[in-house]
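Below: the structure, in structure tokens.
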Amino acid sequence: MSELSISAIVPVYNGMGFLEQSLPPLLRLLALGEIAEVIVADDGSTDGSGAWARDQGARVLPTGGREGPARARNLAVKAAQGDVVWFVDADVVVHEDGVEPLRRAFDDPGVVAVFGSYDDAPPFEGFASQYMNLRHHFVHHQHGGEASTFWSGCGAVRRDAFLGVGGFDAERYRRPSIEDIELGYRLRGQAGRIRTDPSLQGTHLKEWSLWGVVHTDITCRAIPWSRLLLDTPDAPMDLNTGSAEQLKAFLAGGLLAALLGALLGWVSPWFAAGLAVAAWAANRALFDVFRRSRGSAFALGALLFHQVHLLYSAVTYVLCWLEHHLKGGRGRRARESSS
């Protein structure tokens, strides 16, 4: 196994309720000598999170105000002593074997980063929490192997590679968003390979509402990720943006149109039924994850809601595409008129 030292970095803002569960496993790994240090980047908390973490034995670095997780992580990496920086969100409880996948990945000198996923046992029983966590678990496990993005919920990077590409873009991403995805593009382009490892898992403590799922999907993921892809034409399409996901979104749109057409008498109900079967077949693997975890009734409801997710994500990309090209057209016209 690699002898690289590991610094665990946890950004937090008013996350005392999460830290009380997520920090002890990391401190146990520290006591066992499996990691070199635990750094809590306190981003201006007013609930005593920083002071509590310091009392438990973590090294606490205050950001001096509300700066956002990207800048908080950057600050911690600069102060870290480890060869590898392991980012763990404050609401993620790492599994006790979390260090082994890191060392296994970094035994390959060509690997600069590795990330895992949420596990399939979220603590909240609500529909939205189960759907969101199981969807994330499925997507990251389906794309095991090489990746072009990064995930900072439970992922690690060689410190020198992180600093070499300038860290997270804290100016562009001042709130939790896709700063880790954008970092992944730069790491892959300039530094080396990124791996995903399904055995690197953590329990996600966040409780979701349906509105929270939709709002987060659109404002914190779909909009900034679409804009990033449009600004980066050579960006690889994987995870949620791959060709398989595009096909599923196309089927979801076709299914909605067919259902409306059937209700209005414009198309045969059998055509809508055929599209429903095709959509189910395309999402069969996800349906099976839902069913194994929560039963058939939940799986059916979750798969139906997933069609809604695919639709609003696709519509968001189209709107961002229009925005991108309209702005480009205005810019070209301005340059042409001035010449």
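Residue numbering restarts at 1 for every chain of the structure tokens, chains are lettered A, B, ... in their displayed order, and ligands are numbered from 1 as they appear.
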Please identify the helix (DSSP H, G or I) residues within stretch 118-226 of chain A (assignment by DSSP from backbone atoms) and present them as a PDB file with C-alpha atoms, in the first residue's frame.
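Once written, selection12.pdb looks like this:
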```pdb
ATOM      1  CA  PHE A 127     -39.512   9.841  -0.713  1.00  0.00           C
ATOM      2  CA  ALA A 128     -37.330  12.772  -1.781  1.00  0.00           C
ATOM      3  CA  SER A 129     -34.393  11.798   0.448  1.00  0.00           C
ATOM      4  CA  GLN A 130     -34.489   8.185  -0.698  1.00  0.00           C
ATOM      5  CA  TYR A 131     -34.818   9.154  -4.368  1.00  0.00           C
ATOM      6  CA  MET A 132     -32.009  11.732  -4.316  1.00  0.00           C
ATOM      7  CA  ASN A 133     -29.513   9.542  -2.471  1.00  0.00           C
ATOM      8  CA  LEU A 134     -30.256   6.359  -4.397  1.00  0.00           C
ATOM      9  CA  ARG A 135     -30.058   8.228  -7.702  1.00  0.00           C
ATOM     10  CA  HIS A 136     -26.641   9.586  -6.776  1.00  0.00           C
ATOM     11  CA  HIS A 137     -25.493   6.150  -5.614  1.00  0.00           C
ATOM     12  CA  PHE A 138     -26.622   4.592  -8.886  1.00  0.00           C
ATOM     13  CA  VAL A 139     -25.042   7.188 -11.184  1.00  0.00           C
ATOM     14  CA  HIS A 140     -21.639   7.007  -9.508  1.00  0.00           C
ATOM     15  CA  HIS A 141     -21.655   3.215  -9.434  1.00  0.00           C
ATOM     16  CA  GLN A 142     -22.743   2.912 -13.053  1.00  0.00           C
ATOM     17  CA  ARG A 159      -2.116  18.002  -3.111  1.00  0.00           C
ATOM     18  CA  ASP A 160       0.524  19.079  -5.606  1.00  0.00           C
ATOM     19  CA  ALA A 161      -1.831  18.413  -8.542  1.00  0.00           C
ATOM     20  CA  PHE A 162      -4.618  20.373  -6.809  1.00  0.00           C
ATOM     21  CA  LEU A 163      -2.362  23.357  -6.232  1.00  0.00           C
ATOM     22  CA  GLY A 164      -0.891  23.000  -9.708  1.00  0.00           C
ATOM     23  CA  GLU A 179     -16.966  23.652  -8.385  1.00  0.00           C
ATOM     24  CA  ASP A 180     -15.828  20.047  -8.056  1.00  0.00           C
ATOM     25  CA  ILE A 181     -16.961  19.118 -11.583  1.00  0.00           C
ATOM     26  CA  GLU A 182     -15.111  22.098 -13.034  1.00  0.00           C
ATOM     27  CA  LEU A 183     -12.016  21.181 -11.023  1.00  0.00           C
ATOM     28  CA  GLY A 184     -12.209  17.675 -12.466  1.00  0.00           C
ATOM     29  CA  TYR A 185     -12.084  18.992 -16.022  1.00  0.00           C
ATOM     30  CA  ARG A 186      -8.905  20.941 -15.245  1.00  0.00           C
ATOM     31  CA  LEU A 187      -7.288  18.081 -13.340  1.00  0.00           C
ATOM     32  CA  ARG A 188      -7.995  15.659 -16.176  1.00  0.00           C
ATOM     33  CA  GLY A 189      -6.768  18.132 -18.782  1.00  0.00           C
ATOM     34  CA  GLN A 190      -3.560  19.190 -17.060  1.00  0.00           C
ATOM     35  CA  LEU A 210     -39.212  17.466  -3.426  1.00  0.00           C
ATOM     36  CA  TRP A 211     -38.853  21.213  -3.883  1.00  0.00           C
ATOM     37  CA  GLY A 212     -35.299  20.996  -2.586  1.00  0.00           C
ATOM     38  CA  VAL A 213     -34.501  18.286  -5.134  1.00  0.00           C
ATOM     39  CA  VAL A 214     -35.887  20.287  -8.056  1.00  0.00           C
ATOM     40  CA  HIS A 215     -34.375  23.584  -6.924  1.00  0.00           C
ATOM     41  CA  THR A 216     -30.935  22.068  -6.332  1.00  0.00           C
ATOM     42  CA  ASP A 217     -31.010  20.086  -9.571  1.00  0.00           C
ATOM     43  CA  ILE A 218     -31.787  23.183 -11.625  1.00  0.00           C
ATOM     44  CA  THR A 219     -30.030  26.082  -9.910  1.00  0.00           C
ATOM     45  CA  CYS A 220     -26.980  24.356  -8.434  1.00  0.00           C
ATOM     46  CA  ARG A 221     -26.426  21.638 -11.042  1.00  0.00           C
ATOM     47  CA  ALA A 222     -28.190  21.891 -14.402  1.00  0.00           C
ATOM     48  CA  ILE A 223     -27.730  25.619 -15.043  1.00  0.00           C
ATOM     49  CA  PRO A 224     -24.049  25.960 -14.036  1.00  0.00           C
ATOM     50  CA  TRP A 225     -23.118  22.567 -15.530  1.00  0.00           C
ATOM     51  CA  SER A 226     -24.833  23.402 -18.840  1.00  0.00           C
TER      52      SER A 226
END
```
Run DSSP on the backbone and grab whatever in stretch 58-273 of chain A lands in strand (DSSP E); send it over as number ranges by chain. A: 59-62, 84-88, 92-94, 111-118, 145-147, 154-158, 193-204
Could you turn the residues from that selection into a file that holds N, CA and C atoms, as a CSV table (one decimal), in the first residue's frame?
```csv
chain,number,residue,atom,x,y,z
A,59,ARG,N,-8.1,20.1,13.6
A,59,ARG,CA,-7.4,21.3,13.4
A,59,ARG,C,-8.4,22.2,12.7
A,60,VAL,N,-8.7,23.4,13.2
A,60,VAL,CA,-9.8,24.3,12.7
A,60,VAL,C,-9.1,25.5,12.0
A,61,LEU,N,-9.5,25.8,10.8
A,61,LEU,CA,-9.1,27.0,10.1
A,61,LEU,C,-10.3,27.8,9.8
A,62,PRO,N,-10.4,29.0,10.4
A,62,PRO,CA,-11.5,29.9,10.0
A,62,PRO,C,-11.3,30.6,8.8
A,84,VAL,N,-1.9,13.8,0.1
A,84,VAL,CA,-3.2,13.7,-0.5
A,84,VAL,C,-4.2,14.5,0.3
A,85,VAL,N,-5.1,15.2,-0.3
A,85,VAL,CA,-6.2,15.9,0.5
A,85,VAL,C,-7.5,15.2,0.2
A,86,TRP,N,-8.1,14.7,1.2
A,86,TRP,CA,-9.4,14.0,1.2
A,86,TRP,C,-10.5,14.9,1.6
A,87,PHE,N,-11.3,15.3,0.6
A,87,PHE,CA,-12.5,16.2,0.9
A,87,PHE,C,-13.7,15.4,1.3
A,88,VAL,N,-14.2,15.7,2.4
A,88,VAL,CA,-15.4,15.1,3.0
A,88,VAL,C,-16.4,16.2,3.4
A,92,VAL,N,-21.5,14.2,5.4
A,92,VAL,CA,-21.2,12.8,4.9
A,92,VAL,C,-20.5,12.1,6.0
A,93,VAL,N,-20.9,10.9,6.4
A,93,VAL,CA,-20.3,10.0,7.4
A,93,VAL,C,-19.5,9.0,6.6
A,94,VAL,N,-18.2,9.1,6.6
A,94,VAL,CA,-17.4,8.1,5.8
A,94,VAL,C,-17.4,6.7,6.5
A,111,VAL,N,-2.7,8.4,-11.4
A,111,VAL,CA,-4.0,8.8,-10.9
A,111,VAL,C,-3.8,10.0,-10.0
A,112,VAL,N,-4.5,11.1,-10.3
A,112,VAL,CA,-4.3,12.3,-9.5
A,112,VAL,C,-5.5,12.5,-8.6
A,113,ALA,N,-6.6,11.8,-8.8
A,113,ALA,CA,-7.8,12.0,-8.0
A,113,ALA,C,-8.7,10.8,-8.0
A,114,VAL,N,-9.4,10.6,-7.0
A,114,VAL,CA,-10.4,9.5,-6.9
A,114,VAL,C,-11.6,9.9,-6.1
A,115,PHE,N,-12.8,9.5,-6.5
A,115,PHE,CA,-13.9,9.8,-5.7
A,115,PHE,C,-14.9,8.6,-5.6
A,116,GLY,N,-15.8,8.7,-4.7
A,116,GLY,CA,-16.7,7.6,-4.5
A,116,GLY,C,-18.2,8.0,-4.6
A,117,SER,N,-19.0,7.6,-3.7
A,117,SER,CA,-20.5,7.9,-3.8
A,117,SER,C,-21.1,7.9,-2.4
A,118,TYR,N,-22.4,8.4,-2.4
A,118,TYR,CA,-23.2,8.1,-1.2
A,118,TYR,C,-23.5,6.6,-1.2
A,145,GLY,N,-14.7,3.5,-12.7
A,145,GLY,CA,-13.6,3.4,-13.6
A,145,GLY,C,-13.0,4.8,-13.8
A,146,GLU,N,-12.8,5.1,-15.1
A,146,GLU,CA,-12.2,6.4,-15.4
A,146,GLU,C,-13.3,7.5,-15.4
A,147,ALA,N,-13.0,8.7,-15.0
A,147,ALA,CA,-13.9,9.8,-15.0
A,147,ALA,C,-13.2,11.1,-15.5
A,154,CYS,N,-17.0,13.1,-1.2
A,154,CYS,CA,-16.1,12.1,-0.6
A,154,CYS,C,-15.1,11.7,-1.7
A,155,GLY,N,-14.1,12.6,-1.9
A,155,GLY,CA,-13.1,12.4,-2.9
A,155,GLY,C,-11.8,13.0,-2.5
A,156,ALA,N,-10.7,12.5,-3.1
A,156,ALA,CA,-9.4,12.9,-2.7
A,156,ALA,C,-8.5,13.2,-4.0
A,157,VAL,N,-7.6,14.2,-3.8
A,157,VAL,CA,-6.7,14.7,-4.8
A,157,VAL,C,-5.3,14.7,-4.3
A,158,ARG,N,-4.3,14.4,-5.2
A,158,ARG,CA,-2.9,14.7,-4.8
A,158,ARG,C,-2.8,16.2,-4.6
A,193,ARG,N,-5.1,11.3,-14.5
A,193,ARG,CA,-6.3,10.5,-14.6
A,193,ARG,C,-7.1,10.6,-13.3
A,194,ILE,N,-8.4,10.5,-13.4
A,194,ILE,CA,-9.3,10.6,-12.3
A,194,ILE,C,-10.1,9.2,-12.3
A,195,ARG,N,-10.1,8.6,-11.1
A,195,ARG,CA,-10.8,7.3,-10.9
A,195,ARG,C,-12.0,7.5,-10.1
A,196,THR,N,-13.0,6.6,-10.3
A,196,THR,CA,-14.1,6.4,-9.4
A,196,THR,C,-14.0,5.0,-8.8
A,197,ASP,N,-14.3,5.0,-7.5
A,197,ASP,CA,-14.2,3.7,-6.8
A,197,ASP,C,-15.5,3.5,-6.0
A,198,PRO,N,-16.4,2.5,-6.4
A,198,PRO,CA,-17.6,2.3,-5.7
A,198,PRO,C,-17.5,1.9,-4.3
A,199,SER,N,-16.3,1.4,-3.9
A,199,SER,CA,-16.1,1.0,-2.5
A,199,SER,C,-15.8,2.2,-1.6
A,200,LEU,N,-15.6,3.4,-2.1
A,200,LEU,CA,-15.4,4.6,-1.3
A,200,LEU,C,-16.7,5.2,-1.1
A,201,GLN,N,-17.3,5.0,0.1
A,201,GLN,CA,-18.7,5.5,0.3
A,201,GLN,C,-18.9,6.2,1.6
A,202,GLY,N,-19.9,7.0,1.6
A,202,GLY,CA,-20.3,7.7,2.9
A,202,GLY,C,-21.8,7.8,3.0
A,203,THR,N,-22.3,7.9,4.2
A,203,THR,CA,-23.8,8.0,4.4
A,203,THR,C,-24.1,9.5,4.4
A,204,HIS,N,-25.1,9.9,3.5
A,204,HIS,CA,-25.4,11.3,3.4
A,204,HIS,C,-26.5,11.6,4.4
```
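Nearest to A:Pro25 of all the residues A:Gln246, A:Gln56, A:Ser49, A:Thr149 is A:Gln56, based on only C-alpha atoms.
Checking A:Pro123, A:Gly57, A:Gly253, A:Gly68 one by one against A:Arg28, counting only C-alpha atoms, you find the shortest gap at A:Gly57.
Residue neighbourhood of A:Met16, excluding near-sequence residues (fewer than 6 positions): Asp47, Gly48, Ser49 and Trp52 of chain A, at 8 Å, using only C-alpha atoms.
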Same residues, C-alpha atoms, output as a compact mmCIF listing (two decimals), in the first residue's frame:
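Final file, result04.txt:
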```txt
# COMPACT_ATOMS: atom_id res chain seq x y z
CA ASP A 47 -23.45 27.93 15.81
CA GLY A 48 -20.14 27.03 17.43
CA SER A 49 -19.22 24.39 14.85
CA TRP A 52 -16.72 22.22 18.93
```
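Of the listed residues A:Ala31, A:Leu275, A:Leu251, A:Leu229, the one whose atoms come nearest to A:His324 is A:Leu229, with distances taken using only C-alpha atoms.
Put simply, atom CA of A:Gln307 is 20.3 Å away from atom CA of A:Val267.
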Report, in Å to a single decimal, how far apart atom CA of A:Ala41 and atom CA of A:Ala72 are. 5.5 Å
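As for atom CA of A:Thr46 and atom CA of A:Ser7, they are spaced 25.1 Å apart.
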For stretch 319-322 of chain A, find every residue with an atom within 9 Å (counting only C-alpha atoms), except residues of its own chain fewer than 3 positions away, and show them as a PyMOL selection string. chain A and resi 223+226-227+230+314-316+325-327
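Ranking A:Leu303, A:Val77, A:Ala90, A:Ala51 by their shortest atom-to-atom distance to A:Leu23, with only C-alpha atoms included, puts A:Ala90 first.
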Considering only C-alpha atoms, state which residue in the set A:Ser313, A:Val308, A:Phe298, A:Gly328 is at the smallest distance from A:Asp231. A:Gly328
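Shortest atom-to-atom contact with A:Ala281 among A:Ile178, A:Leu32, A:Ala252, A:Leu228: A:Ala252, counting only C-alpha atoms.
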